[in-house]
Amino acid sequence: KKINKILEEQKDFRKTNDNKNTKEWVRINLNAMKTEEEVQKTKEKLNSIVAMEEDLEIPGLFLMSDSTKKNSVREQMGEKEAIFQSKSSCIPACLLSQHAEKKGKETVIDSCAAPGNKTLQLLEKFKKVVACEKDPKRFEILKERCNFYAENRIKRCELLNKDFLQINPHKKPFSKIKFALLDPSCSGTGMNQNRKFNEGLSIIDS
């Protein structure tokens, strides 16, 4: 009964907060673009829909001035041009990608890949990405997103429905991999719309 009550409260909380102007981030999907000119045109298109502020630390990531325009961005942008992704989610892949830029194109393994936003980020910089996801349902989501958002680069992305911990690092092709992203699936604990839900869970735990 407590769980059902909390789930209902979570639904009500989301309904009342959907239209509030909370922070919303959107990232340009470089996998769908071939030239710098395309990237620049996408930036201009985004700003024509709603005022954007480009993040100083993560290239191609923008903070929307009005998050209530999220649906407008979805409707007016090309389906593959932009991905809604929080800044905290972008940081791990961004930091790791800097090594690819310094040492040349390399192969990287994404250990807990679904739903695939970080995998797509890595694919923008690394020569090849091996993405592991052990859960069959989440793996299907990963596969669908990568095939959709990185259609032109999907040959450089090896998707494995496999437990990362069961991989033998001494066997090929894994023995040649020098970089790994070890960022477990996000619980969304810090998100505004989940705060009420997590407060409720603490009641159950106690």
# chains A, B, ... in the order shown; residues from 1 in each chain; ligands from 1
$ select_by_dssp --residues "stretch 3-134 of chain A" --states "strand (DSSP E)" --output "PDB file with N, CA, C and O atoms, in the first residue's frame"
ATOM      1  N   TRP A  25      18.709  20.592 -20.440  1.00  0.00           N
ATOM      2  CA  TRP A  25      19.898  20.628 -21.288  1.00  0.00           C
ATOM      3  C   TRP A  25      19.621  19.880 -22.591  1.00  0.00           C
ATOM      4  O   TRP A  25      18.916  18.884 -22.602  1.00  0.00           O
ATOM      5  N   VAL A  26      20.218  20.355 -23.674  1.00  0.00           N
ATOM      6  CA  VAL A  26      20.097  19.671 -24.962  1.00  0.00           C
ATOM      7  C   VAL A  26      21.484  19.646 -25.624  1.00  0.00           C
ATOM      8  O   VAL A  26      22.225  20.629 -25.585  1.00  0.00           O
ATOM      9  N   ARG A  27      21.829  18.499 -26.179  1.00  0.00           N
ATOM     10  CA  ARG A  27      23.163  18.312 -26.766  1.00  0.00           C
ATOM     11  C   ARG A  27      23.037  18.073 -28.273  1.00  0.00           C
ATOM     12  O   ARG A  27      22.179  17.312 -28.725  1.00  0.00           O
ATOM     13  N   ILE A  28      23.901  18.726 -29.039  1.00  0.00           N
ATOM     14  CA  ILE A  28      23.924  18.519 -30.484  1.00  0.00           C
ATOM     15  C   ILE A  28      24.530  17.148 -30.770  1.00  0.00           C
ATOM     16  O   ILE A  28      25.585  16.797 -30.241  1.00  0.00           O
ATOM     17  N   MET A  52      19.369  29.866 -26.126  1.00  0.00           N
ATOM     18  CA  MET A  52      20.240  28.837 -25.564  1.00  0.00           C
ATOM     19  C   MET A  52      21.552  29.448 -25.090  1.00  0.00           C
ATOM     20  O   MET A  52      22.024  30.435 -25.643  1.00  0.00           O
ATOM     21  N   GLU A  53      22.123  28.828 -24.096  1.00  0.00           N
ATOM     22  CA  GLU A  53      23.443  29.244 -23.618  1.00  0.00           C
ATOM     23  C   GLU A  53      24.364  28.026 -23.682  1.00  0.00           C
ATOM     24  O   GLU A  53      24.129  27.025 -23.008  1.00  0.00           O
ATOM     25  N   GLU A  54      25.401  28.119 -24.523  1.00  0.00           N
ATOM     26  CA  GLU A  54      26.299  26.968 -24.673  1.00  0.00           C
ATOM     27  C   GLU A  54      27.158  26.819 -23.428  1.00  0.00           C
ATOM     28  O   GLU A  54      27.693  27.792 -22.891  1.00  0.00           O
ATOM     29  N   LEU A  61      26.868  21.340 -25.837  1.00  0.00           N
ATOM     30  CA  LEU A  61      25.802  21.181 -24.842  1.00  0.00           C
ATOM     31  C   LEU A  61      25.221  22.553 -24.533  1.00  0.00           C
ATOM     32  O   LEU A  61      25.964  23.503 -24.283  1.00  0.00           O
ATOM     33  N   PHE A  62      23.892  22.645 -24.537  1.00  0.00           N
ATOM     34  CA  PHE A  62      23.230  23.934 -24.351  1.00  0.00           C
ATOM     35  C   PHE A  62      22.212  23.876 -23.226  1.00  0.00           C
ATOM     36  O   PHE A  62      21.487  22.891 -23.067  1.00  0.00           O
ATOM     37  N   LEU A  63      22.155  24.968 -22.462  1.00  0.00           N
ATOM     38  CA  LEU A  63      21.150  25.129 -21.416  1.00  0.00           C
ATOM     39  C   LEU A  63      20.011  25.962 -21.985  1.00  0.00           C
ATOM     40  O   LEU A  63      20.227  27.088 -22.450  1.00  0.00           O
ATOM     41  N   MET A  64      18.820  25.401 -21.969  1.00  0.00           N
ATOM     42  CA  MET A  64      17.668  26.114 -22.503  1.00  0.00           C
ATOM     43  C   MET A  64      17.223  27.203 -21.530  1.00  0.00           C
ATOM     44  O   MET A  64      17.133  26.962 -20.333  1.00  0.00           O
ATOM     45  N   ALA A  82      19.348  16.648 -32.244  1.00  0.00           N
ATOM     46  CA  ALA A  82      19.535  17.037 -30.843  1.00  0.00           C
ATOM     47  C   ALA A  82      19.076  15.936 -29.900  1.00  0.00           C
ATOM     48  O   ALA A  82      18.118  15.222 -30.178  1.00  0.00           O
ATOM     49  N   ILE A  83      19.798  15.823 -28.773  1.00  0.00           N
ATOM     50  CA  ILE A  83      19.483  14.820 -27.754  1.00  0.00           C
ATOM     51  C   ILE A  83      19.348  15.534 -26.410  1.00  0.00           C
ATOM     52  O   ILE A  83      20.248  16.290 -26.017  1.00  0.00           O
ATOM     53  N   PHE A  84      18.262  15.295 -25.705  1.00  0.00           N
ATOM     54  CA  PHE A  84      18.099  15.865 -24.370  1.00  0.00           C
ATOM     55  C   PHE A  84      18.907  15.021 -23.394  1.00  0.00           C
ATOM     56  O   PHE A  84      18.665  13.833 -23.231  1.00  0.00           O
ATOM     57  N   THR A 107      40.109   2.696 -29.279  1.00  0.00           N
ATOM     58  CA  THR A 107      38.876   1.954 -28.994  1.00  0.00           C
ATOM     59  C   THR A 107      38.549   2.095 -27.515  1.00  0.00           C
ATOM     60  O   THR A 107      39.431   2.063 -26.668  1.00  0.00           O
ATOM     61  N   VAL A 108      37.268   2.251 -27.196  1.00  0.00           N
ATOM     62  CA  VAL A 108      36.830   2.406 -25.823  1.00  0.00           C
ATOM     63  C   VAL A 108      35.682   1.431 -25.557  1.00  0.00           C
ATOM     64  O   VAL A 108      34.932   1.097 -26.474  1.00  0.00           O
ATOM     65  N   ILE A 109      35.563   0.975 -24.334  1.00  0.00           N
ATOM     66  CA  ILE A 109      34.451   0.101 -23.958  1.00  0.00           C
ATOM     67  C   ILE A 109      33.555   0.835 -22.965  1.00  0.00           C
ATOM     68  O   ILE A 109      34.034   1.461 -22.013  1.00  0.00           O
ATOM     69  N   ASP A 110      32.264   0.814 -23.251  1.00  0.00           N
ATOM     70  CA  ASP A 110      31.262   1.401 -22.357  1.00  0.00           C
ATOM     71  C   ASP A 110      30.647   0.236 -21.584  1.00  0.00           C
ATOM     72  O   ASP A 110      29.947  -0.598 -22.148  1.00  0.00           O
ATOM     73  N   LYS A 128      36.463   3.497 -32.313  1.00  0.00           N
ATOM     74  CA  LYS A 128      35.503   2.418 -32.155  1.00  0.00           C
ATOM     75  C   LYS A 128      34.995   2.373 -30.723  1.00  0.00           C
ATOM     76  O   LYS A 128      35.746   2.646 -29.792  1.00  0.00           O
ATOM     77  N   VAL A 129      33.725   2.013 -30.560  1.00  0.00           N
ATOM     78  CA  VAL A 129      33.121   1.887 -29.230  1.00  0.00           C
ATOM     79  C   VAL A 129      32.530   0.483 -29.086  1.00  0.00           C
ATOM     80  O   VAL A 129      31.793   0.022 -29.951  1.00  0.00           O
ATOM     81  N   VAL A 130      32.895  -0.191 -27.992  1.00  0.00           N
ATOM     82  CA  VAL A 130      32.291  -1.471 -27.647  1.00  0.00           C
ATOM     83  C   VAL A 130      31.348  -1.194 -26.484  1.00  0.00           C
ATOM     84  O   VAL A 130      31.787  -0.783 -25.406  1.00  0.00           O
ATOM     85  N   ALA A 131      30.059  -1.375 -26.701  1.00  0.00           N
ATOM     86  CA  ALA A 131      29.062  -1.035 -25.692  1.00  0.00           C
ATOM     87  C   ALA A 131      28.436  -2.297 -25.113  1.00  0.00           C
ATOM     88  O   ALA A 131      27.844  -3.094 -25.837  1.00  0.00           O
ATOM     89  N   CYS A 132      28.562  -2.464 -23.788  1.00  0.00           N
ATOM     90  CA  CYS A 132      28.034  -3.655 -23.108  1.00  0.00           C
ATOM     91  C   CYS A 132      26.795  -3.314 -22.280  1.00  0.00           C
ATOM     92  O   CYS A 132      26.789  -2.327 -21.554  1.00  0.00           O
TER      93      CYS A 132
END
$ atom_distance --atom1 "atom CA of A:Ala180" --atom2 "atom CA of A:Lys34"
26.1 Å
$ closest_residue --among "A:Gly78, A:Arg138, A:Leu56, A:Lys23" --to "A:Lys41" --atoms "only C-alpha atoms"
A:Gly78
$ residues_around --residues "A:Lys69" --least-positions-apart "2" --cutoff "10 Å" --atoms "only C-alpha atoms" --output "PyMOL selection string"
chain A and resi 19+21+24+49-51+64-67+71-75
$ residues_around --residues "stretch 147-162 of chain A" --least-positions-apart "3" --cutoff "10 Å" --atoms "only C-alpha atoms" --output "PyMOL selection string"
chain A and resi 29-34+79-83+107-113+116-117+119-120+122-124+126-144+165-167
$ select_by_dssp --residues "stretch 32-97 of chain A" --states "alpha helix (DSSP H)" --output "MDAnalysis selection string"
chainID A and resid 36:49 70:76 87:97
$ write_last_selection --atoms "N, CA, C and O atoms" --output "compact mmCIF listing (two decimals), in the first residue's frame"
# COMPACT_ATOMS: atom_id res chain seq x y z
N GLU A 36 31.40 20.99 -40.17
CA GLU A 36 31.27 22.03 -39.15
C GLU A 36 30.15 23.00 -39.50
O GLU A 36 29.50 23.57 -38.62
N GLU A 37 29.91 23.16 -40.79
CA GLU A 37 28.83 24.03 -41.24
C GLU A 37 27.47 23.50 -40.78
O GLU A 37 26.60 24.28 -40.36
N GLU A 38 27.29 22.19 -40.83
CA GLU A 38 26.05 21.57 -40.36
C GLU A 38 25.86 21.81 -38.87
O GLU A 38 24.76 22.06 -38.40
N VAL A 39 26.97 21.70 -38.12
CA VAL A 39 26.93 21.92 -36.67
C VAL A 39 26.50 23.35 -36.37
O VAL A 39 25.65 23.60 -35.51
N GLN A 40 27.09 24.31 -37.09
CA GLN A 40 26.77 25.71 -36.86
C GLN A 40 25.32 26.02 -37.20
O GLN A 40 24.64 26.76 -36.48
N LYS A 41 24.83 25.43 -38.27
CA LYS A 41 23.43 25.64 -38.67
C LYS A 41 22.48 25.08 -37.63
O LYS A 41 21.42 25.65 -37.35
N THR A 42 22.88 23.95 -37.02
CA THR A 42 22.05 23.33 -35.97
C THR A 42 21.99 24.23 -34.74
O THR A 42 20.94 24.38 -34.12
N LYS A 43 23.14 24.83 -34.38
CA LYS A 43 23.19 25.76 -33.25
C LYS A 43 22.25 26.93 -33.49
O LYS A 43 21.50 27.36 -32.61
N GLU A 44 22.30 27.48 -34.70
CA GLU A 44 21.47 28.63 -35.05
C GLU A 44 19.98 28.25 -35.03
O GLU A 44 19.13 29.03 -34.59
N LYS A 45 19.69 27.05 -35.48
CA LYS A 45 18.32 26.56 -35.49
C LYS A 45 17.78 26.41 -34.07
O LYS A 45 16.64 26.79 -33.78
N LEU A 46 18.62 25.88 -33.18
CA LEU A 46 18.23 25.74 -31.79
C LEU A 46 17.91 27.10 -31.17
O LEU A 46 16.90 27.27 -30.50
N ASN A 47 18.79 28.07 -31.42
CA ASN A 47 18.60 29.41 -30.85
C ASN A 47 17.39 30.13 -31.43
O ASN A 47 16.85 31.04 -30.80
N SER A 48 16.98 29.74 -32.62
CA SER A 48 15.81 30.37 -33.23
C SER A 48 14.52 29.88 -32.58
O SER A 48 13.49 30.54 -32.63
N ILE A 49 14.58 28.70 -31.97
CA ILE A 49 13.40 28.12 -31.31
C ILE A 49 13.27 28.65 -29.89
O ILE A 49 12.22 29.06 -29.44
N LYS A 70 10.55 22.63 -24.50
CA LYS A 70 11.15 21.34 -24.86
C LYS A 70 10.41 20.68 -26.01
O LYS A 70 11.03 20.14 -26.95
N ASN A 71 9.09 20.70 -25.97
CA ASN A 71 8.30 20.08 -27.03
C ASN A 71 8.49 20.81 -28.36
O ASN A 71 8.48 20.18 -29.42
N SER A 72 8.68 22.12 -28.30
CA SER A 72 8.91 22.90 -29.52
C SER A 72 10.23 22.50 -30.17
O SER A 72 10.33 22.41 -31.39
N VAL A 73 11.23 22.25 -29.34
CA VAL A 73 12.53 21.81 -29.85
C VAL A 73 12.37 20.45 -30.53
O VAL A 73 12.89 20.21 -31.62
N ARG A 74 11.62 19.56 -29.89
CA ARG A 74 11.38 18.23 -30.45
C ARG A 74 10.68 18.31 -31.81
O ARG A 74 11.01 17.60 -32.75
N GLU A 75 9.70 19.20 -31.90
CA GLU A 75 8.88 19.30 -33.10
C GLU A 75 9.60 19.97 -34.26
O GLU A 75 9.44 19.57 -35.42
N GLN A 76 10.42 20.98 -33.97
CA GLN A 76 11.03 21.78 -35.04
C GLN A 76 12.43 21.35 -35.44
O GLN A 76 12.89 21.66 -36.54
N LYS A 87 23.67 17.75 -17.96
CA LYS A 87 25.11 18.02 -17.95
C LYS A 87 25.86 16.96 -17.15
O LYS A 87 26.93 16.50 -17.57
N SER A 88 25.30 16.56 -16.01
CA SER A 88 25.98 15.56 -15.18
C SER A 88 26.17 14.25 -15.94
O SER A 88 27.16 13.54 -15.76
N SER A 89 25.23 13.92 -16.81
CA SER A 89 25.32 12.70 -17.60
C SER A 89 26.40 12.82 -18.68
O SER A 89 27.01 11.83 -19.08
N CYS A 90 26.63 14.04 -19.15
CA CYS A 90 27.60 14.27 -20.24
C CYS A 90 29.06 14.26 -19.76
O CYS A 90 29.97 13.96 -20.54
N ILE A 91 29.28 14.58 -18.49
CA ILE A 91 30.64 14.79 -17.99
C ILE A 91 31.57 13.58 -18.14
O ILE A 91 32.69 13.72 -18.65
N PRO A 92 31.18 12.35 -17.72
CA PRO A 92 32.12 11.21 -17.80
C PRO A 92 32.65 10.96 -19.21
O PRO A 92 33.86 10.80 -19.41
N ALA A 93 31.75 10.91 -20.19
CA ALA A 93 32.17 10.64 -21.57
C ALA A 93 32.99 11.78 -22.14
O ALA A 93 33.93 11.56 -22.92
N CYS A 94 32.66 13.01 -21.73
CA CYS A 94 33.40 14.18 -22.20
C CYS A 94 34.85 14.13 -21.70
O CYS A 94 35.79 14.37 -22.47
N LEU A 95 35.04 13.81 -20.43
CA LEU A 95 36.39 13.73 -19.86
C LEU A 95 37.20 12.62 -20.52
O LEU A 95 38.38 12.80 -20.84
N LEU A 96 36.58 11.47 -20.73
CA LEU A 96 37.29 10.35 -21.34
C LEU A 96 37.63 10.64 -22.80
O LEU A 96 38.70 10.24 -23.29
N SER A 97 36.76 11.35 -23.49
CA SER A 97 36.99 11.68 -24.90
C SER A 97 38.20 12.57 -25.11
O SER A 97 38.80 12.57 -26.19
$ atom_distance --atom1 "atom CA of A:Pro115" --atom2 "atom CA of A:Lys172"
25.6 Å
$ decode --residues "stretch 25-67 of chain A" --atoms "N, CA and C atoms" --output "tab-separated table (two decimals), in the first residue's frame"
chain	number	residue	atom	x	y	z
A	25	TRP	N	18.71	20.59	-20.44
A	25	TRP	CA	19.90	20.63	-21.29
A	25	TRP	C	19.62	19.88	-22.59
A	26	VAL	N	20.22	20.35	-23.67
A	26	VAL	CA	20.10	19.67	-24.96
A	26	VAL	C	21.48	19.65	-25.62
A	27	ARG	N	21.83	18.50	-26.18
A	27	ARG	CA	23.16	18.31	-26.77
A	27	ARG	C	23.04	18.07	-28.27
A	28	ILE	N	23.90	18.73	-29.04
A	28	ILE	CA	23.92	18.52	-30.48
A	28	ILE	C	24.53	17.15	-30.77
A	29	ASN	N	23.86	16.38	-31.60
A	29	ASN	CA	24.31	15.03	-31.94
A	29	ASN	C	25.27	15.09	-33.12
A	30	LEU	N	26.55	15.09	-32.85
A	30	LEU	CA	27.56	15.20	-33.90
A	30	LEU	C	27.60	13.96	-34.80
A	31	ASN	N	27.08	12.85	-34.30
A	31	ASN	CA	27.06	11.62	-35.11
A	31	ASN	C	26.19	11.78	-36.36
A	32	ALA	N	25.26	12.72	-36.32
A	32	ALA	CA	24.34	12.92	-37.44
A	32	ALA	C	24.83	14.00	-38.39
A	33	MET	N	26.04	14.54	-38.15
A	33	MET	CA	26.54	15.65	-38.96
A	33	MET	C	27.91	15.34	-39.55
A	34	LYS	N	28.14	15.86	-40.75
A	34	LYS	CA	29.38	15.55	-41.46
A	34	LYS	C	30.34	16.73	-41.52
A	35	THR	N	29.82	17.95	-41.40
A	35	THR	CA	30.66	19.13	-41.52
A	35	THR	C	30.42	20.11	-40.37
A	36	GLU	N	31.40	20.99	-40.17
A	36	GLU	CA	31.27	22.03	-39.15
A	36	GLU	C	30.15	23.00	-39.50
A	37	GLU	N	29.91	23.16	-40.79
A	37	GLU	CA	28.83	24.03	-41.24
A	37	GLU	C	27.47	23.50	-40.78
A	38	GLU	N	27.29	22.19	-40.83
A	38	GLU	CA	26.05	21.57	-40.36
A	38	GLU	C	25.86	21.81	-38.87
A	39	VAL	N	26.97	21.70	-38.12
A	39	VAL	CA	26.93	21.92	-36.67
A	39	VAL	C	26.50	23.35	-36.37
A	40	GLN	N	27.09	24.31	-37.09
A	40	GLN	CA	26.77	25.71	-36.86
A	40	GLN	C	25.32	26.02	-37.20
A	41	LYS	N	24.83	25.43	-38.27
A	41	LYS	CA	23.43	25.64	-38.67
A	41	LYS	C	22.48	25.08	-37.63
A	42	THR	N	22.88	23.95	-37.02
A	42	THR	CA	22.05	23.33	-35.97
A	42	THR	C	21.99	24.23	-34.74
A	43	LYS	N	23.14	24.83	-34.38
A	43	LYS	CA	23.19	25.76	-33.25
A	43	LYS	C	22.25	26.93	-33.49
A	44	GLU	N	22.30	27.48	-34.70
A	44	GLU	CA	21.47	28.63	-35.05
A	44	GLU	C	19.98	28.25	-35.03
A	45	LYS	N	19.69	27.05	-35.48
A	45	LYS	CA	18.32	26.56	-35.49
A	45	LYS	C	17.78	26.41	-34.07
A	46	LEU	N	18.62	25.88	-33.18
A	46	LEU	CA	18.23	25.74	-31.79
A	46	LEU	C	17.91	27.10	-31.17
A	47	ASN	N	18.79	28.07	-31.42
A	47	ASN	CA	18.60	29.41	-30.85
A	47	ASN	C	17.39	30.13	-31.43
A	48	SER	N	16.98	29.74	-32.62
A	48	SER	CA	15.81	30.37	-33.23
A	48	SER	C	14.52	29.88	-32.58
A	49	ILE	N	14.58	28.70	-31.97
A	49	ILE	CA	13.40	28.12	-31.31
A	49	ILE	C	13.27	28.65	-29.89
A	50	VAL	N	14.38	28.64	-29.17
A	50	VAL	CA	14.41	29.13	-27.80
A	50	VAL	C	15.85	29.56	-27.49
A	51	ALA	N	15.99	30.65	-26.72
A	51	ALA	CA	17.33	31.14	-26.40
A	51	ALA	C	18.13	30.07	-25.68
A	52	MET	N	19.37	29.87	-26.13
A	52	MET	CA	20.24	28.84	-25.56
A	52	MET	C	21.55	29.45	-25.09
A	53	GLU	N	22.12	28.83	-24.10
A	53	GLU	CA	23.44	29.24	-23.62
A	53	GLU	C	24.36	28.03	-23.68
A	54	GLU	N	25.40	28.12	-24.52
A	54	GLU	CA	26.30	26.97	-24.67
A	54	GLU	C	27.16	26.82	-23.43
A	55	ASP	N	27.29	25.58	-22.98
A	55	ASP	CA	28.07	25.29	-21.79
A	55	ASP	C	29.55	25.57	-22.05
A	56	LEU	N	30.24	26.14	-21.06
A	56	LEU	CA	31.65	26.50	-21.23
A	56	LEU	C	32.58	25.29	-21.11
A	57	GLU	N	32.09	24.20	-20.53
A	57	GLU	CA	32.95	23.04	-20.29
A	57	GLU	C	32.70	21.88	-21.24
A	58	ILE	N	31.48	21.75	-21.73
A	58	ILE	CA	31.15	20.63	-22.61
A	58	ILE	C	30.69	21.19	-23.96
A	59	PRO	N	31.52	21.07	-24.99
A	59	PRO	CA	31.17	21.59	-26.32
A	59	PRO	C	29.89	20.94	-26.86
A	60	GLY	N	29.05	21.77	-27.45
A	60	GLY	CA	27.83	21.25	-28.07
A	60	GLY	C	26.69	21.00	-27.12
A	61	LEU	N	26.87	21.34	-25.84
A	61	LEU	CA	25.80	21.18	-24.84
A	61	LEU	C	25.22	22.55	-24.53
A	62	PHE	N	23.89	22.65	-24.54
A	62	PHE	CA	23.23	23.93	-24.35
A	62	PHE	C	22.21	23.88	-23.23
A	63	LEU	N	22.16	24.97	-22.46
A	63	LEU	CA	21.15	25.13	-21.42
A	63	LEU	C	20.01	25.96	-21.98
A	64	MET	N	18.82	25.40	-21.97
A	64	MET	CA	17.67	26.11	-22.50
A	64	MET	C	17.22	27.20	-21.53
A	65	SER	N	16.93	28.39	-22.06
A	65	SER	CA	16.48	29.49	-21.20
A	65	SER	C	15.04	29.26	-20.73
A	66	ASP	N	14.31	28.46	-21.46
A	66	ASP	CA	12.91	28.17	-21.10
A	66	ASP	C	12.64	26.69	-21.36
A	67	SER	N	12.66	25.90	-20.31
A	67	SER	CA	12.50	24.45	-20.47
A	67	SER	C	11.10	24.05	-20.90
